[in-house]
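Data first, discussion second: the structure below is written as structure tokens.
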Amino acid sequence: MNSVKRYLSVFFKQTPGVLFFSVFIFFSILLKDTFLSIYTLTNIARQVSIDVPIVMGQAIVLIAGGIDISVGSVMAMSAVIVISTQQYGMIPSIVFALLFGVCIGLINGFLVTKAKIVPFIATLGTMSIVRGLVLVTTDQRSIMGTIPRFEILGNGNFWIIPGPFIIAMVLLFILHQFLKKTKKGRNLYALGGDPENAFLSGIPIGRTKFTPYIICSLLASVSGILLASRINSANPQLGMDTALASIAAAIIGGASLLGGRGSVIGAVLGISVLGMLSTGMNLLGLVTYYQIAVKSALFVVVVVIDAIIVSKGISKRRK
Amino acid sequence: MKLSNSKREHSVLRWLGLLRMQVALILFITLIVIGSVLSDVFLTPNNLLNILWAVSVLGIVALGQCILIIACRFDMSVAYSVGLCGIITVVVQNHGVSLFPSVIIGLLSGLLIGSVNGLICVRTKANPFLVTLGTGIFMYATSLAITKSQTVYTPIADFKLLGRAKLFGTVQYSILIFLGLAIILEIVLRYTKFGRGLFVIGLNEKVGTLSGFSTSRISMAAFVICGFTAAIGSLIITSRNGSTVANVGMGMEFDSIIAVVLGGTSLFGGSGGAIRTVVGVLTLGVLNNLMVLMNIPTENQQIAKGTIFLLIVWLDSLLRNKK
């Protein structure tokens, strides 16, 4: 049992890359031409790139020892805002959506750091409120965009590279540099790994805890904008399973619910694995509900493996 | 000077604590007064019984949730086990199983769901909130796969009596089941070793283990109870509609948690009770009824409920940290 656990933990530290390539090779062999075509691959890249900001946000919150369940609702509401405020012009509508993301981030951060509510309960509350806002503003119907130019963001191509892919890569570069090279970024790891030590080494706990929530909600808004731009519309059902997918992707990418571990590159590989899985299952002709079953089972497995590794890590630390 | 300050703060805290514990009762009475002023039909016995009837399913689910929350755990899968248990019952009925065996199969599937949730959480010490979020969606997918996303109808007419029939022609059985269950669980919580154990491990697991409670056995039992109450709720809602769909309980996971918290059970564990939960559920029911009577779109409710939820949890954390 112990060796199994050690094996699991070693595997999970290297996993993102290994898993990415094994899933890629698996579907390449299984589906051959249908999977390995430029069309399918760019499609996956586009789809995944839209989710990339949200997953990186979730990873950053997890690294700092928190969790954000509200990302899906924030994404949906940002999509709704960016579509429904198009009469003010394209740029203002995008600014409105981003501002909304920052607001929810501030509320989440306030609830967690100042009101001292457990992160998943606090964000559960904001999730419900924001979903309510989505339902009220859309009146439970789909809404259509009026500016065709807006589609470029999510649907445009740069040669054969999808537009969202470029945006995602730029964000990835910035956030990776932030986490690895800046003092503020390193502080997040310190805080997530051991809050008491972080406090004793002079890290401003309140501020450091606060920022990830703002970053995460802002990135959720970016995802929402990209999504809305891709279909140039928004509907109240958007982002229903995003919270689960983003948490699963971040954990596959090496983050842990205990905090202090993970990276945005891993998280991006994690969401790519999930993206390839769903496209692969689509190409295999699997009915939607089996796909949902596979994804939710994967989520539970990932959470459980993380818990096993964590409990092993704690017992090791005590020894 | 300092002394009087801390004294004043102490009394403020005491008042806040009192307010927190009775928040559901205060809201409940206020809503009833508002309702009786605004609408003539509100304060009629018929309408009040209707409210009770409407909330009884949520109430039964919330009672199970309450047991878990006292032990500082959550079950986010209740919404979908309310769908799945009913679907299993109706599907076996459609395959020729008669009334009582099918009901027992439905209840057993609830027990099974609860034990699976409990096993995963207890054995691996994984976060119950996330695990049950995942198993819930898995059950939703299972329900969709069984029913092929269609509504399934019960072939047995007598099955509909469970949710619709009235004792002595006045009170529906589902109300009686709800209130009966609340009383039983209240007694279990107050007067049995298991009940005390729930409170202790909700406050502090280590203290629970050191004082001789088996943490894993108690939390396992709590999960099973929660699965079982969800199954009862599922059977009642299915029999009431005469049919069921996979998403019949959608939103119940959050509503049940709100009802429990509203009633005075702290999300931080270690306090609360079943009767308190009944008051919380009734408050939600009255709120819903009033909004319908006043023609306020139901989507607004979610915003109101979420806000109330966050405010109460905030108050809880404030009180906890000051102690």
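Labels used: A, B, ... for chains in the order of the structure tokens, numbers from 1 for residues in each chain, and numbers from 1 for ligands as shown.
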Quiz item: Quick one: residues within 12 Å of A:Ala115, only C-alpha atoms counted, chain neighbours fewer than 3 positions away excluded, as a list in words?
Solution: Ile107, Asn108, Gly109, Phe110, Leu111, Val112, Val118, Pro119, Ile121, Ala122, Gly206 and Phe210 of chain A; Leu310, Leu311, Ile312, Val313, Trp314, Leu315, Asp316, Ser317, Leu318, Leu319, Arg320 and Asn321 of chain B
Restrict the calculation to only C-alpha atoms, then for each residue of chain B with any atom at most 6 Å from an atom of chain A give the closest atom pair and their distance in Å to one decimal, rows by chain and rising residue number, as a tab-separated table.
```
residue	atom	partner	partner_atom	distance
B:Thr124	CA	A:Ile308	CA	5.9
B:Ala126	CA	A:Ala307	CA	4.8
B:Val131	CA	A:Val300	CA	5.5
B:Gly134	CA	A:Ser296	CA	5.1
B:Phe138	CA	A:Ala293	CA	4.9
B:Ala141	CA	A:Tyr289	CA	4.9
B:Glu299	CA	A:Val136	CA	5.7
B:Gln302	CA	A:Gly132	CA	5.1
B:Ile303	CA	A:Ile129	CA	4.4
B:Gly306	CA	A:Ile129	CA	5.1
B:Leu310	CA	A:Gly125	CA	5.8
B:Trp314	CA	A:Ala115	CA	5.8
```
Go ahead and write the residues just picked, N, CA and C atoms, as a compact mmCIF listing (two decimals), in the first residue's frame.
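Below is the file that was written, again.txt:
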```txt
# COMPACT_ATOMS: atom_id res chain seq x y z
N THR B 124 -10.69 7.74 2.37
CA THR B 124 -9.58 8.47 1.77
C THR B 124 -9.38 9.85 2.39
N ALA B 126 -10.91 12.40 1.79
CA ALA B 126 -11.03 13.44 0.77
C ALA B 126 -12.08 14.45 1.20
N VAL B 131 -16.04 15.68 -3.20
CA VAL B 131 -16.37 14.30 -3.58
C VAL B 131 -17.84 14.18 -3.94
N GLY B 134 -18.86 15.66 -7.16
CA GLY B 134 -18.55 14.76 -8.28
C GLY B 134 -19.51 13.59 -8.36
N PHE B 138 -22.20 12.44 -11.26
CA PHE B 138 -22.15 11.07 -11.79
C PHE B 138 -23.54 10.43 -11.72
N ALA B 141 -25.71 11.79 -14.43
CA ALA B 141 -25.45 11.13 -15.71
C ALA B 141 -26.09 9.75 -15.73
N GLU B 299 -36.73 33.84 -10.25
CA GLU B 299 -35.27 33.91 -10.41
C GLU B 299 -34.66 34.83 -9.34
N GLN B 302 -33.21 33.31 -5.99
CA GLN B 302 -31.87 32.76 -5.83
C GLN B 302 -30.91 33.82 -5.31
N ILE B 303 -31.08 35.05 -5.82
CA ILE B 303 -30.21 36.14 -5.36
C ILE B 303 -30.47 36.41 -3.88
N GLY B 306 -29.10 33.53 -1.74
CA GLY B 306 -27.64 33.56 -1.68
C GLY B 306 -27.15 34.65 -0.74
N LEU B 310 -25.00 34.13 2.75
CA LEU B 310 -23.67 34.69 3.02
C LEU B 310 -23.67 35.54 4.28
N TRP B 314 -21.47 34.74 7.55
CA TRP B 314 -20.56 35.79 8.02
C TRP B 314 -20.74 36.01 9.52
```
Closest pair table for stretch 79-159 of chain B residues within 12 Å of stretch 163-175 of chain B, only C-alpha atoms, as a tab-separated table:
```
residue	atom	partner	partner_atom	distance
B:Ala157	CA	B:Arg164	CA	11.2
B:Asp158	CA	B:Ala165	CA	9.8
B:Phe159	CA	B:Gly163	CA	8.2
```
Residues from the last selection, N, CA and C atoms, saved as a PDB file, in the first residue's frame:
```pdb
ATOM      1  N   ALA B 157     -51.107   3.104  -9.612  1.00  0.00           N
ATOM      2  CA  ALA B 157     -51.899   4.252  -9.160  1.00  0.00           C
ATOM      3  C   ALA B 157     -51.737   4.471  -7.656  1.00  0.00           C
ATOM      4  N   ASP B 158     -51.644   3.367  -6.892  1.00  0.00           N
ATOM      5  CA  ASP B 158     -51.554   3.495  -5.436  1.00  0.00           C
ATOM      6  C   ASP B 158     -50.282   4.205  -4.989  1.00  0.00           C
ATOM      7  N   PHE B 159     -49.239   4.138  -5.838  1.00  0.00           N
ATOM      8  CA  PHE B 159     -47.967   4.758  -5.475  1.00  0.00           C
ATOM      9  C   PHE B 159     -48.141   6.259  -5.315  1.00  0.00           C
TER      10      PHE B 159
END
```
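Distance annotation: of B:Asn117, B:Ser39, B:Thr30, B:Asn288, the residue with the minimal separation from B:Gly227 is B:Asn117; atom set is only C-alpha atoms.
The environment of A:Leu179 within 12 Å, counting only C-alpha atoms and disregarding residues fewer than 4 places along the same chain, consists of Met56, Gly57, Ala59, Ile60, Val61, Ile63, Ala64, Leu172, Phe173, Ile174, Leu175, Lys183, Lys184, Gly185, Arg186, Asn187, Leu188, Tyr189, Ala190, Pro212, Gly260, Arg261, Gly262, Ser263, Val264 and Ile265 of chain A.
Closest to B:Gly269 among B:Leu99, B:Leu144, B:Leu203, B:Val55 is B:Leu203, based on only C-alpha atoms.
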Self-check item: Test item, helix (DSSP H, G or I) assignment across stretch 82-311 of chain A, answer as a ChimeraX atom specification
Solution: /A:82-84,86-88,90-114,119-138,148-155,163-181,183-193,195-200,205-231,242-252,264-283,288-311
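Proximity of B:Phe194, B:Leu235, B:Ile183, B:Ser36 to B:Ile104, computed with only C-alpha atoms, is greatest for B:Leu235.
Close contacts of B:Val152, defined as residues with an atom at most 8 Å away when counting only C-alpha atoms, with chain neighbours fewer than 6 positions off set aside, comprise Ile87, Val90, Val91, Ser243, Thr244 and Val245 of chain B.
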If you keep C-alpha atoms, can you produce a file of those selected residues as a PDB file, in the first residue's frame?
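Generated output (again.pdb):
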```pdb
ATOM      1  CA  ILE B  87     -36.106   6.897 -11.235  1.00  0.00           C
ATOM      2  CA  VAL B  90     -40.317   3.864 -11.190  1.00  0.00           C
ATOM      3  CA  VAL B  91     -38.162   1.880 -13.596  1.00  0.00           C
ATOM      4  CA  SER B 243     -43.546  10.733 -12.686  1.00  0.00           C
ATOM      5  CA  THR B 244     -39.972  11.863 -12.399  1.00  0.00           C
ATOM      6  CA  VAL B 245     -37.049  13.277 -14.381  1.00  0.00           C
TER       7      VAL B 245
END
```
